[in-house]
>>> print(open('start-v7.txt').read())   # compact mmCIF, C-alpha atoms and all ligand atoms
# COMPACT_ATOMS: atom_id res chain seq x y z
CA MET A 24 109.28 61.52 82.59
CA SER A 25 110.35 64.66 84.40
CA GLY A 26 108.73 67.87 83.17
CA GLN A 27 105.32 66.20 82.79
CA ASN A 28 104.32 66.68 86.41
CA PRO A 29 104.48 69.63 88.77
CA VAL A 30 107.43 69.55 91.15
CA PHE A 31 106.93 69.38 94.91
CA ILE A 32 110.47 70.23 95.86
CA PRO A 33 110.63 73.46 97.89
CA GLY A 34 112.27 75.30 95.03
CA PRO A 35 113.00 75.71 92.25
CA THR A 36 109.25 75.92 91.77
CA ASN A 37 106.90 75.41 88.83
CA ILE A 38 107.24 78.17 86.24
CA PRO A 39 103.89 79.48 84.93
CA ASP A 40 103.62 79.69 81.12
CA ARG A 41 103.27 83.46 81.31
CA ILE A 42 106.68 83.70 82.94
CA ARG A 43 108.28 81.13 80.62
CA HIS A 44 107.09 83.14 77.63
CA ALA A 45 108.25 86.41 79.17
CA MET A 46 111.74 84.95 79.66
CA ASN A 47 111.88 83.79 76.05
CA VAL A 48 113.21 87.00 74.55
CA GLN A 49 115.77 87.73 71.89
CA THR A 50 118.87 89.53 73.12
CA LEU A 51 118.30 93.18 73.89
CA ASP A 52 121.05 95.74 74.28
CA HIS A 53 121.18 96.16 78.04
CA ARG A 54 122.45 99.72 77.61
CA ALA A 55 119.52 100.67 75.37
CA PRO A 56 116.43 102.51 76.65
CA ASP A 57 114.16 99.46 76.14
CA PHE A 58 115.99 97.58 78.89
CA ILE A 59 116.25 100.58 81.17
CA ASP A 60 112.50 101.17 80.80
CA VAL A 61 111.83 97.65 82.08
CA PHE A 62 114.54 97.46 84.72
CA ALA A 63 113.92 100.63 86.75
CA PRO A 64 110.22 99.82 87.47
CA VAL A 65 111.16 96.22 88.36
CA LEU A 66 113.47 97.51 91.09
CA ALA A 67 110.84 99.96 92.31
CA ASP A 68 108.10 97.30 92.35
CA LEU A 69 110.26 94.83 94.27
CA ARG A 70 109.97 97.13 97.28
CA LYS A 71 106.27 96.25 97.55
CA VAL A 72 107.15 92.55 97.88
CA PHE A 73 109.79 93.25 100.54
CA LYS A 74 107.28 95.62 102.20
CA THR A 75 109.66 98.54 102.41
CA THR A 76 109.50 102.10 101.19
CA SER A 77 113.07 102.99 102.05
CA GLY A 78 115.02 99.79 101.27
CA THR A 79 117.08 99.41 98.09
CA PRO A 80 116.40 96.23 96.09
CA VAL A 81 119.51 94.77 94.42
CA LEU A 82 119.74 91.94 91.88
CA PHE A 83 122.85 89.85 91.35
CA ALA A 84 123.24 87.04 88.85
CA GLY A 85 123.71 84.11 91.20
CA SER A 86 121.39 82.42 93.66
CA GLY A 87 120.33 82.78 97.27
CA THR A 88 123.77 81.70 98.45
CA GLY A 89 125.29 84.65 96.57
CA GLY A 90 122.79 86.86 98.38
CA TRP A 91 124.06 85.58 101.75
CA GLU A 92 127.60 86.38 100.66
CA ALA A 93 126.63 89.85 99.44
CA ALA A 94 124.96 90.60 102.79
CA LEU A 95 128.03 89.57 104.79
CA THR A 96 130.88 90.90 102.65
CA ASN A 97 129.30 94.29 102.06
CA THR A 98 128.71 95.14 105.69
CA LEU A 99 131.25 93.32 107.88
CA SER A 100 135.01 93.24 108.44
CA PRO A 101 137.33 90.28 109.16
CA GLY A 102 136.90 89.10 112.75
CA ASP A 103 133.56 90.86 113.23
CA LYS A 104 131.13 88.95 115.41
CA VAL A 105 127.75 87.70 114.19
CA LEU A 106 124.96 85.99 116.13
CA ILE A 107 122.92 83.24 114.47
CA ALA A 108 120.77 80.27 115.46
CA ARG A 109 121.32 76.85 113.85
CA PHE A 110 118.10 74.88 113.45
CA GLY A 111 118.31 73.34 110.00
CA MET A 112 120.46 72.87 106.92
CA PHE A 113 120.16 76.41 105.60
CA SER A 114 121.01 78.17 108.85
CA HIS A 115 123.87 75.64 109.12
CA ARG A 116 125.19 76.56 105.67
CA TRP A 117 124.97 80.30 106.40
CA ILE A 118 127.00 79.69 109.59
CA ASP A 119 129.56 77.77 107.54
CA MET A 120 129.86 80.69 105.12
CA CYS A 121 130.36 83.15 108.01
CA GLU A 122 133.15 80.97 109.36
CA ARG A 123 134.81 80.60 105.97
CA LEU A 124 134.73 84.38 105.52
CA GLY A 125 136.69 84.81 108.75
CA LEU A 126 133.89 86.13 110.93
CA GLU A 127 133.55 85.23 114.60
CA VAL A 128 130.31 83.31 114.86
CA GLU A 129 128.26 83.00 118.05
CA VAL A 130 125.91 80.11 117.35
CA ILE A 131 122.71 79.42 119.26
CA GLU A 132 122.27 75.68 118.86
CA CYS A 133 118.63 74.56 118.58
CA GLU A 134 116.88 71.33 117.80
CA TRP A 135 116.02 70.84 114.14
CA GLY A 136 112.29 71.52 114.06
CA ALA A 137 112.49 74.43 116.51
CA GLY A 138 112.21 78.05 115.43
CA ALA A 139 114.69 80.89 115.86
CA PRO A 140 114.57 81.49 119.64
CA ALA A 141 113.93 85.21 120.17
CA ASP A 142 114.50 84.80 123.93
CA LEU A 143 117.97 83.32 123.46
CA TYR A 144 118.85 85.93 120.84
CA GLY A 145 117.70 88.53 123.40
CA GLU A 146 119.86 87.06 126.18
CA ALA A 147 122.96 86.95 123.96
CA LEU A 148 122.41 90.53 122.84
CA ALA A 149 121.69 91.83 126.33
CA SER A 150 124.91 90.30 127.64
CA ASP A 151 126.88 91.87 124.78
CA THR A 152 127.15 95.24 126.54
CA ALA A 153 130.25 96.17 124.50
CA HIS A 154 128.14 95.76 121.32
CA SER A 155 130.74 93.54 119.71
CA ILE A 156 128.02 91.65 117.79
CA ARG A 157 127.85 93.49 114.47
CA ALA A 158 125.10 91.48 112.79
CA VAL A 159 122.22 89.26 113.85
CA LEU A 160 121.33 86.59 111.28
CA VAL A 161 118.02 84.74 111.14
CA THR A 162 116.63 82.20 108.71
CA HIS A 163 113.02 83.29 108.26
CA ASN A 164 111.85 80.06 106.67
CA GLU A 165 114.07 77.04 107.37
CA THR A 166 113.40 75.02 104.23
CA ALA A 167 114.99 71.86 105.65
CA THR A 168 112.51 71.52 108.51
CA GLY A 169 109.47 73.48 107.30
CA VAL A 170 109.78 76.03 110.08
CA VAL A 171 108.92 79.72 109.88
CA SER A 172 110.33 82.04 112.54
CA ASP A 173 109.14 85.32 114.00
CA ILE A 174 111.52 88.01 112.72
CA GLY A 175 109.50 90.73 114.46
CA ALA A 176 110.24 89.03 117.80
CA ILE A 177 113.98 89.09 117.05
CA ARG A 178 113.72 92.81 116.26
CA ARG A 179 111.89 93.39 119.55
CA ALA A 180 114.62 91.46 121.41
CA MET A 181 117.25 93.71 119.80
CA ASP A 182 115.32 96.87 120.62
CA ALA A 183 114.61 95.76 124.19
CA CYS A 184 118.32 95.96 125.00
CA GLY A 185 119.06 98.79 122.59
CA HIS A 186 121.45 96.66 120.54
CA PRO A 187 122.68 98.45 117.40
CA ALA A 188 123.65 95.37 115.34
CA LEU A 189 122.45 94.96 111.78
CA LEU A 190 119.63 92.46 111.28
CA PHE A 191 119.82 90.10 108.27
CA ALA A 192 117.01 87.72 107.32
CA ASP A 193 117.16 84.80 104.90
CA ALA A 194 113.78 84.83 103.16
CA VAL A 195 114.89 82.66 100.22
CA SER A 196 111.97 80.24 100.66
CA SER A 197 109.44 82.72 102.06
CA LEU A 198 109.55 86.01 100.15
CA GLY A 199 106.49 86.21 97.92
CA SER A 200 104.91 83.16 99.62
CA ILE A 201 104.77 84.02 103.34
CA ASP A 202 104.32 87.51 104.74
CA PHE A 203 107.63 89.34 105.13
CA ARG A 204 107.80 92.91 106.46
CA MET A 205 111.23 94.38 105.97
CA GLU A 206 110.41 97.87 107.21
CA GLU A 207 108.15 96.94 110.12
CA TRP A 208 110.67 94.37 111.38
CA GLY A 209 113.64 96.68 110.91
CA VAL A 210 115.49 94.21 108.69
CA ASP A 211 118.73 95.61 107.25
CA ILE A 212 119.27 93.02 104.53
CA CYS A 213 116.70 90.53 103.31
CA VAL A 214 118.01 87.77 101.03
CA ALA A 215 115.84 85.95 98.49
CA GLY A 216 116.25 84.24 95.14
CA SER A 217 114.47 84.05 91.80
CA GLN A 218 113.46 80.39 91.87
CA LYS A 219 110.96 80.09 94.73
CA GLY A 220 108.14 82.55 95.44
CA PHE A 221 108.98 84.52 92.29
CA MET A 222 108.36 81.38 90.17
CA LEU A 223 111.35 82.05 87.90
CA SER A 224 114.29 79.96 86.82
CA THR A 225 117.23 79.90 89.20
CA GLY A 226 119.90 82.48 88.51
CA MET A 227 119.34 85.63 90.53
CA ALA A 228 119.89 86.63 94.12
CA ILE A 229 117.17 89.14 94.95
CA ILE A 230 118.08 91.16 98.01
CA CYS A 231 116.96 94.37 99.67
CA VAL A 232 119.25 96.63 101.67
CA SER A 233 118.43 99.26 104.30
CA ALA A 234 120.06 102.70 104.46
CA LYS A 235 121.95 101.54 107.57
CA ALA A 236 123.40 98.56 105.68
CA LEU A 237 124.29 100.77 102.70
CA ALA A 238 126.20 103.03 105.09
CA ALA A 239 128.00 100.00 106.54
CA ALA A 240 129.08 99.07 103.00
CA GLU A 241 131.20 102.23 102.87
CA THR A 242 133.50 101.06 105.67
CA ALA A 243 133.20 97.24 105.70
CA GLY A 244 136.57 95.54 105.35
CA LEU A 245 135.75 92.09 103.95
CA PRO A 246 136.97 91.70 100.37
CA ARG A 247 134.21 91.84 97.77
CA CYS A 248 134.23 92.34 94.06
CA TYR A 249 131.40 90.89 91.95
CA PHE A 250 128.91 91.28 94.80
CA ASP A 251 129.85 94.88 95.63
CA ILE A 252 126.59 96.65 96.44
CA ARG A 253 128.23 100.06 95.94
CA GLU A 254 129.07 99.31 92.29
CA MET A 255 125.62 97.87 91.74
CA THR A 256 123.62 100.72 93.24
CA LYS A 257 125.75 103.29 91.41
CA ALA A 258 124.98 101.62 88.07
CA ASN A 259 121.33 101.01 89.00
CA ALA A 260 120.87 104.72 89.67
CA LYS A 261 121.69 105.29 85.99
CA GLY A 262 119.24 102.56 84.96
CA GLY A 263 121.74 99.80 84.30
CA PHE A 264 124.09 97.14 85.62
CA PRO A 265 127.85 97.35 86.24
CA TYR A 266 128.21 94.24 84.06
CA THR A 267 125.98 92.18 81.77
CA PRO A 268 122.62 91.61 83.48
CA PRO A 269 120.64 88.35 83.33
CA LEU A 270 118.21 89.84 80.83
CA ASN A 271 115.82 86.90 80.52
CA LEU A 272 115.42 86.63 84.27
CA ILE A 273 114.71 90.32 84.60
CA MET A 274 112.07 90.08 81.85
CA GLY A 275 110.62 87.12 83.73
CA LEU A 276 110.71 89.04 86.99
CA ARG A 277 108.60 91.81 85.41
CA GLU A 278 105.97 89.19 84.57
CA SER A 279 106.28 87.57 87.98
CA LEU A 280 105.66 90.87 89.76
CA ASP A 281 102.67 91.53 87.47
CA MET A 282 101.22 88.12 88.35
CA ILE A 283 101.77 88.65 92.08
CA PHE A 284 100.15 92.10 92.01
CA GLU A 285 97.22 90.88 89.86
CA GLU A 286 96.47 88.17 92.42
CA GLY A 287 97.27 90.57 95.25
CA LEU A 288 100.22 89.97 97.57
CA GLU A 289 97.99 89.23 100.57
CA ASN A 290 95.91 86.82 98.44
CA VAL A 291 99.13 85.07 97.42
CA PHE A 292 99.92 84.56 101.13
CA ALA A 293 96.35 83.37 101.79
CA ARG A 294 96.57 80.86 98.91
CA HIS A 295 99.83 79.50 100.30
CA ALA A 296 98.30 79.23 103.80
CA ARG A 297 95.30 77.36 102.45
CA LEU A 298 97.33 74.96 100.31
CA ALA A 299 99.72 74.33 103.21
CA GLU A 300 96.89 73.57 105.61
CA GLY A 301 95.55 70.93 103.19
CA VAL A 302 98.98 69.27 103.14
CA ARG A 303 99.16 69.34 106.94
CA LYS A 304 95.71 67.77 107.16
CA ALA A 305 96.88 65.04 104.78
CA ALA A 306 99.92 64.31 106.99
CA ALA A 307 97.64 64.11 110.03
CA ALA A 308 95.35 61.68 108.17
CA TRP A 309 98.38 59.46 107.43
CA GLY A 310 99.11 59.51 111.18
CA MET A 311 102.44 61.25 110.68
CA GLU A 312 104.07 64.04 112.65
CA LEU A 313 105.60 67.15 111.20
CA CYS A 314 109.23 68.05 111.79
CA ALA A 315 108.15 71.56 112.92
CA HIS A 316 107.61 71.33 116.66
CA SER A 317 104.43 73.39 117.05
CA PRO A 318 101.70 74.99 114.94
CA GLU A 319 102.98 78.57 115.12
CA LEU A 320 106.16 77.30 113.43
CA TYR A 321 104.38 75.62 110.52
CA SER A 322 105.68 76.95 107.24
CA ASN A 323 103.19 77.77 104.51
CA SER A 324 105.75 77.12 101.77
CA VAL A 325 107.13 73.70 102.72
CA THR A 326 106.08 70.85 105.01
CA ALA A 327 108.63 68.35 106.34
CA VAL A 328 106.81 65.11 107.22
CA VAL A 329 108.46 62.66 109.64
CA VAL A 330 108.22 59.07 108.38
CA PRO A 331 107.43 56.22 110.81
CA GLU A 332 110.33 54.54 112.63
CA GLY A 333 112.03 51.96 110.44
CA PHE A 334 111.15 53.64 107.12
CA ASP A 335 113.62 55.49 104.93
CA ALA A 336 112.30 58.80 103.62
CA THR A 337 115.04 59.02 100.98
CA ARG A 338 113.96 55.69 99.53
CA LEU A 339 110.38 56.98 99.41
CA ILE A 340 111.38 60.09 97.49
CA ASN A 341 113.48 58.09 95.04
CA HIS A 342 110.63 55.63 94.53
CA ALA A 343 108.12 58.44 93.85
CA TYR A 344 110.45 59.85 91.23
CA ASP A 345 111.44 56.57 89.59
CA THR A 346 107.95 55.11 89.50
CA TYR A 347 105.65 58.11 89.10
CA GLY A 348 107.96 60.83 87.79
CA MET A 349 107.21 63.21 90.61
CA SER A 350 109.77 65.09 92.70
CA PHE A 351 109.48 65.72 96.42
CA GLY A 352 112.09 67.19 98.74
CA VAL A 353 114.60 64.91 100.37
CA GLY A 354 115.51 65.18 104.08
CA LEU A 355 118.77 67.10 104.58
CA GLY A 356 121.52 66.92 107.20
CA GLU A 357 120.35 65.80 110.64
CA VAL A 358 116.93 64.81 109.33
CA ALA A 359 118.16 62.94 106.23
CA GLY A 360 116.13 59.75 105.80
CA LYS A 361 113.79 60.77 108.61
CA VAL A 362 111.66 63.33 106.78
CA PHE A 363 110.44 63.99 103.29
CA ARG A 364 109.41 67.46 102.25
CA ILE A 365 106.44 68.62 100.25
CA GLY A 366 107.13 71.99 98.71
CA HIS A 367 103.93 73.98 98.25
CA LEU A 368 105.10 77.37 97.12
CA GLY A 369 104.91 79.41 93.98
CA SER A 370 102.56 78.60 91.13
CA LEU A 371 100.21 75.96 92.55
CA THR A 372 96.50 75.21 92.64
CA ASP A 373 94.36 72.91 94.79
CA ALA A 374 94.29 70.34 91.99
CA MET A 375 98.06 70.38 91.59
CA VAL A 376 98.63 69.83 95.32
CA LEU A 377 96.09 67.00 95.33
CA SER A 378 98.02 65.29 92.53
CA GLY A 379 101.16 65.46 94.68
CA LEU A 380 99.39 64.03 97.72
CA ALA A 381 97.84 61.22 95.65
CA THR A 382 101.23 60.35 94.20
CA ILE A 383 103.14 60.26 97.47
CA GLU A 384 100.36 58.08 98.88
CA MET A 385 100.89 55.58 96.07
CA ALA A 386 104.62 55.60 96.72
CA MET A 387 104.05 55.06 100.46
CA LYS A 388 101.62 52.21 99.81
CA ASP A 389 104.12 50.57 97.41
CA LEU A 390 106.70 50.63 100.22
CA ASN A 391 104.27 49.24 102.82
CA TYR A 392 103.80 52.39 104.85
CA PRO A 393 100.90 51.97 107.28
CA ILE A 394 98.56 54.32 105.44
CA THR A 395 95.18 54.01 103.75
CA LEU A 396 95.19 55.06 100.11
CA GLY A 397 93.18 58.22 99.66
CA SER A 398 93.16 59.18 103.33
CA GLY A 399 95.45 62.19 103.01
CA VAL A 400 93.93 63.21 99.70
CA ALA A 401 90.44 63.09 101.23
CA ALA A 402 91.51 65.24 104.18
CA ALA A 403 93.03 67.82 101.85
CA GLN A 404 90.03 67.67 99.49
CA GLU A 405 87.71 68.38 102.38
CA HIS A 406 89.80 71.37 103.40
CA TYR A 407 90.05 72.76 99.86
CA ARG A 408 86.38 72.12 99.11
CA THR A 409 85.11 73.82 102.24
CA THR A 410 87.45 76.82 102.03
CA ALA A 411 87.27 77.40 98.26
CA ASN A 412 84.40 79.87 98.32
CA THR A 413 85.83 81.85 101.19
CA ALA A 414 89.11 82.14 99.31
CA ARG A 415 87.29 83.25 96.15
CA ALA A 416 85.14 85.73 98.04
CA GLU A 417 88.20 87.23 99.70
CA ALA A 418 90.15 87.40 96.43
N1 LIG B 1 118.31 79.76 102.23
C1 LIG B 1 117.23 78.98 102.19
C2 LIG B 1 116.21 79.12 103.27
C3 LIG B 1 117.05 78.09 101.13
O1 LIG B 1 115.95 77.33 101.08
C4 LIG B 1 118.04 78.00 100.13
C5 LIG B 1 117.89 77.06 99.01
O2 LIG B 1 117.01 76.24 98.97
C6 LIG B 1 119.15 78.83 100.24
C7 LIG B 1 119.26 79.70 101.29
C8 LIG B 1 120.23 78.76 99.22
O3 LIG B 1 119.77 79.33 98.05
P1 LIG B 1 120.30 78.91 96.62
O4 LIG B 1 120.17 77.45 96.50
O5 LIG B 1 119.40 79.70 95.73
O6 LIG B 1 121.71 79.37 96.54
>>> encode(input="start-v7.txt", output="structure tokens")
Amino acid sequence: MSGQNPVFIPGPTNIPDRIRHAMNVQTLDHRAPDFIDVFAPVLADLRKVFKTTSGTPVLFAGSGTGGWEAALTNTLSPGDKVLIARFGMFSHRWIDMCERLGLEVEVIECEWGAGAPADLYGEALASDTAHSIRAVLVTHNETATGVVSDIGAIRRAMDACGHPALLFADAVSSLGSIDFRMEEWGVDICVAGSQKGFMLSTGMAIICVSAKALAAAETAGLPRCYFDIREMTKANAKGGFPYTPPLNLIMGLRESLDMIFEEGLENVFARHARLAEGVRKAAAAWGMELCAHSPELYSNSVTAVVVPEGFDATRLINHAYDTYGMSFGVGLGEVAGKVFRIGHLGSLTDAMVLSGLATIEMAMKDLNYPITLGSGVAAAQEHYRTTANTARAEA
């Protein structure tokens, strides 16, 4: 049954046919000019997606988690202090990695559903007059709770007290779906992956590194080998990889970038905002709250919907899959069983999202949720119908 329907997990996302075909290539010699001719422009074009002119994009075979590790091990030394807020499963896992790598971690504990608190980051940084915090870590889009945070506000908090720490942002579930401005926000390493906004298969960490972070890589003391940015950038400068590159993914990434630029990056963000708003209107029509605490935190790539007291969101997700062959995101960690997630990022249209809403409604009705069939779909339809022309005119 799976494979027939679009997926509504918040990544990996649906792969457009154009990208599937682009990835379906016979082996090419990765030291031959054909590969180099594709690879160098891919790296250059990635800068436009990160919104940086000076950052250095780097690709590692791996996934977003490998990108986290690359960011930490290339720039920090054992015992270095990092500052990070925990407000969902992915910030939690990044904290866990920091601890396992032997870093000293100052954690700002937040409720799941809150955003990264720029004021508390600011207070911690202002009181660190010895500048012992070497890196500030922020999850831009917390995929577990459907919360987007204001990275610019964190940068302003750092600047307000003149703190020189590096700033790392996890944009795994936002890059290419929600506006991200590496240069404007003074981000030193942005971490993303191939399987979300880029609409590719899983298998690549896609990161971008500032000059300041590259300089830190020269003296950082944490052990690193496969994820050594110095080896990678040296080889990239000659057009290649220090080891065998994931050729098919890089071919797919070329196509992905072409698709994003054809639609227009800002139009991609606008499409995500519009699709997300339809989903939020559907949740409101079902009478359900979102996990995200307030509208400015609403993510345009994933919505975590809180199920009514006494219902089990995991059972709902399993039922939707078993009965209708459609995948939605399960609640993770502290919100397991309490929320289900609708991923609405990557290659999606109004009609695709409506099919997801109609299906989860059937699953809810089957399990006696207090909803009216069609209510969420109708709310989303009304939103899509009345905003369609505006979106087309602006495209
Ligand atoms: N960070 C965020 C915000 C994520 O959503 C994910 C995965 O969903 C990760 C990190 C981990 O990335 P990966 O699963 O690609 O290793």
>>> residues_near_point(input="start-v7.txt", point="(115.7, 78.0, 95.9)", cutoff="7 Å", atoms="all atoms listed in the file", output="PDB file with C-alpha atoms, in the coordinates of the input")
ATOM      1  CA  GLY A  34     112.270  75.300  95.030  1.00  0.00           C
ATOM      2  CA  PRO A  35     113.000  75.710  92.250  1.00  0.00           C
ATOM      3  CA  GLY A  87     120.330  82.780  97.270  1.00  0.00           C
ATOM      4  CA  VAL A 195     114.890  82.660 100.220  1.00  0.00           C
ATOM      5  CA  SER A 196     111.970  80.240 100.660  1.00  0.00           C
ATOM      6  CA  GLY A 216     116.250  84.240  95.140  1.00  0.00           C
ATOM      7  CA  GLN A 218     113.460  80.390  91.870  1.00  0.00           C
ATOM      8  CA  LYS A 219     110.960  80.090  94.730  1.00  0.00           C
TER       9      LYS A 219
END
>>> residues_near_ligand(input="start-v7.txt", ligand="ligand LIG 1 (chain B)", cutoff="9 Å", atoms="only C-alpha atoms and all ligand atoms", output="PyMOL selection string")
chain A and resi 33-35+85-91+112-114+116-117+162-167+193-197+214-219+225-228
>>> write_last_selection(input="start-v7.txt", atoms="C-alpha atoms", output="tab-separated table (two decimals), in the frame of the given file")
chain	number	residue	atom	x	y	z
A	33	PRO	CA	110.63	73.46	97.89
A	34	GLY	CA	112.27	75.30	95.03
A	35	PRO	CA	113.00	75.71	92.25
A	85	GLY	CA	123.71	84.11	91.20
A	86	SER	CA	121.39	82.42	93.66
A	87	GLY	CA	120.33	82.78	97.27
A	88	THR	CA	123.77	81.70	98.45
A	89	GLY	CA	125.29	84.65	96.57
A	90	GLY	CA	122.79	86.86	98.38
A	91	TRP	CA	124.06	85.58	101.75
A	112	MET	CA	120.46	72.87	106.92
A	113	PHE	CA	120.16	76.41	105.60
A	114	SER	CA	121.01	78.17	108.85
A	116	ARG	CA	125.19	76.56	105.67
A	117	TRP	CA	124.97	80.30	106.40
A	162	THR	CA	116.63	82.20	108.71
A	163	HIS	CA	113.02	83.29	108.26
A	164	ASN	CA	111.85	80.06	106.67
A	165	GLU	CA	114.07	77.04	107.37
A	166	THR	CA	113.40	75.02	104.23
A	167	ALA	CA	114.99	71.86	105.65
A	193	ASP	CA	117.16	84.80	104.90
A	194	ALA	CA	113.78	84.83	103.16
A	195	VAL	CA	114.89	82.66	100.22
A	196	SER	CA	111.97	80.24	100.66
A	197	SER	CA	109.44	82.72	102.06
A	214	VAL	CA	118.01	87.77	101.03
A	215	ALA	CA	115.84	85.95	98.49
A	216	GLY	CA	116.25	84.24	95.14
A	217	SER	CA	114.47	84.05	91.80
A	218	GLN	CA	113.46	80.39	91.87
A	219	LYS	CA	110.96	80.09	94.73
A	225	THR	CA	117.23	79.90	89.20
A	226	GLY	CA	119.90	82.48	88.51
A	227	MET	CA	119.34	85.63	90.53
A	228	ALA	CA	119.89	86.63	94.12
>>> residues_around(input="start-v7.txt", residues="segment 232-241 of chain A", least_positions_apart="6", cutoff="8 Å", atoms="only C-alpha atoms", output="PyMOL selection string")
chain A and resi 77-81+97-99+189+210-213+252-253
>>> atom_distance(input="start-v7.txt", atom1="atom CA of Ala188 of chain A", atom2="atom CA of Ala158 of chain A")
4.9 Å
>>> closest_residue(input="start-v7.txt", among="A:Asn271, A:Thr36, A:Asn28, A:Asn391", to="Phe221 of chain A", atoms="only C-alpha atoms")
A:Thr36
>>> closest_residue(input="start-v7.txt", among="A:Asp251, A:Glu285, A:Glu206, A:Asp142", to="Thr96 of chain A", atoms="only C-alpha atoms")
A:Asp251
>>> residues_around(input="start-v7.txt", residues="Met205 of chain A", least_positions_apart="6", cutoff="6 Å", atoms="all atoms listed in the file", output="VMD selection string")
chain A and resid 73 to 75
>>> atom_distance(input="start-v7.txt", atom1="atom CA of Glu127 of chain A", atom2="atom CA of Gly244 of chain A")
14.2 Å
>>> residues_around(input="start-v7.txt", residues="Pro318 of chain A", least_positions_apart="5", cutoff="12 Å", atoms="only C-alpha atoms", output="PyMOL selection string")
chain A and resi 136-138+169-172+299-300+303+312-313+323+326
>>> atom_distance(input="start-v7.txt", atom1="atom CA of Ile42 of chain A", atom2="atom CA of Ser279 of chain A")
6.4 Å
>>> residues_near_point(input="start-v7.txt", point="(105.1, 88.0, 90.5)", cutoff="12 Å", atoms="only C-alpha atoms", output="JSON, numbers by chain")
{"A": [38, 39, 41, 42, 45, 65, 68, 69, 71, 72, 198, 199, 200, 217, 218, 219, 220, 221, 222, 223, 273, 274, 275, 276, 277, 278, 279, 280, 281, 282, 283, 284, 285, 286, 287, 288, 291, 369, 370]}
>>> closest_residue(input="start-v7.txt", among="A:Met385, A:Ala84, A:Ile32, A:Cys314", to="His367 of chain A", atoms="only C-alpha atoms")
A:Ile32
>>> closest_residue(input="start-v7.txt", among="A:Glu357, A:Asp60, A:Glu122, A:Glu92", to="Trp135 of chain A", atoms="only C-alpha atoms")
A:Glu357
>>> residues_around(input="start-v7.txt", residues="Gly352 of chain A", least_positions_apart="6", cutoff="8 Å", atoms="all atoms listed in the file", output="ChimeraX atom specification")
/A:31-33,340,363-366
>>> residues_around(input="start-v7.txt", residues="segment 47-53 of chain A", least_positions_apart="3", cutoff="10 Å", atoms="only C-alpha atoms", output="compact mmCIF listing (two decimals) with C-alpha atoms, in the frame of the given file")
# COMPACT_ATOMS: atom_id res chain seq x y z
CA ILE A 42 106.68 83.70 82.94
CA ARG A 43 108.28 81.13 80.62
CA HIS A 44 107.09 83.14 77.63
CA PRO A 56 116.43 102.51 76.65
CA ASP A 57 114.16 99.46 76.14
CA PHE A 58 115.99 97.58 78.89
CA ILE A 59 116.25 100.58 81.17
CA PHE A 62 114.54 97.46 84.72
CA GLY A 262 119.24 102.56 84.96
CA GLY A 263 121.74 99.80 84.30
CA PHE A 264 124.09 97.14 85.62
CA TYR A 266 128.21 94.24 84.06
CA THR A 267 125.98 92.18 81.77
CA PRO A 268 122.62 91.61 83.48
CA PRO A 269 120.64 88.35 83.33
CA LEU A 270 118.21 89.84 80.83
CA ASN A 271 115.82 86.90 80.52
CA LEU A 272 115.42 86.63 84.27
CA MET A 274 112.07 90.08 81.85
CA GLY A 275 110.62 87.12 83.73
>>> closest_residue(input="start-v7.txt", among="A:Asp103, A:Glu129, A:Asp119, A:Asp389", to="Thr346 of chain A", atoms="only C-alpha atoms")
A:Asp389
>>> decode(input="start-v7.txt", residues="segment 222-231 of chain A", atoms="N, CA and C atoms", output="compact mmCIF listing (two decimals), in the first residue's frame")
# COMPACT_ATOMS: atom_id res chain seq x y z
N MET A 222 13.81 17.76 -1.17
CA MET A 222 12.96 16.77 -1.85
C MET A 222 13.73 15.58 -2.41
N LEU A 223 14.89 15.29 -1.82
CA LEU A 223 15.73 14.18 -2.29
C LEU A 223 15.59 12.98 -1.37
N SER A 224 16.21 11.88 -1.77
CA SER A 224 16.32 10.76 -0.83
C SER A 224 17.21 11.19 0.33
N THR A 225 17.10 10.45 1.43
CA THR A 225 17.99 10.68 2.56
C THR A 225 19.41 10.23 2.17
N GLY A 226 20.40 10.87 2.74
CA GLY A 226 21.76 10.37 2.48
C GLY A 226 22.83 11.43 2.44
N MET A 227 22.42 12.71 2.56
CA MET A 227 23.44 13.76 2.60
C MET A 227 23.14 14.75 3.70
N ALA A 228 24.20 15.10 4.45
CA ALA A 228 24.13 16.29 5.30
C ALA A 228 24.53 17.46 4.39
N ILE A 229 23.74 18.51 4.43
CA ILE A 229 24.03 19.69 3.60
C ILE A 229 24.24 20.84 4.58
N ILE A 230 25.49 21.27 4.71
CA ILE A 230 25.76 22.30 5.71
C ILE A 230 26.44 23.51 5.05
N CYS A 231 26.46 24.61 5.76
CA CYS A 231 27.15 25.80 5.24
C CYS A 231 27.93 26.42 6.40
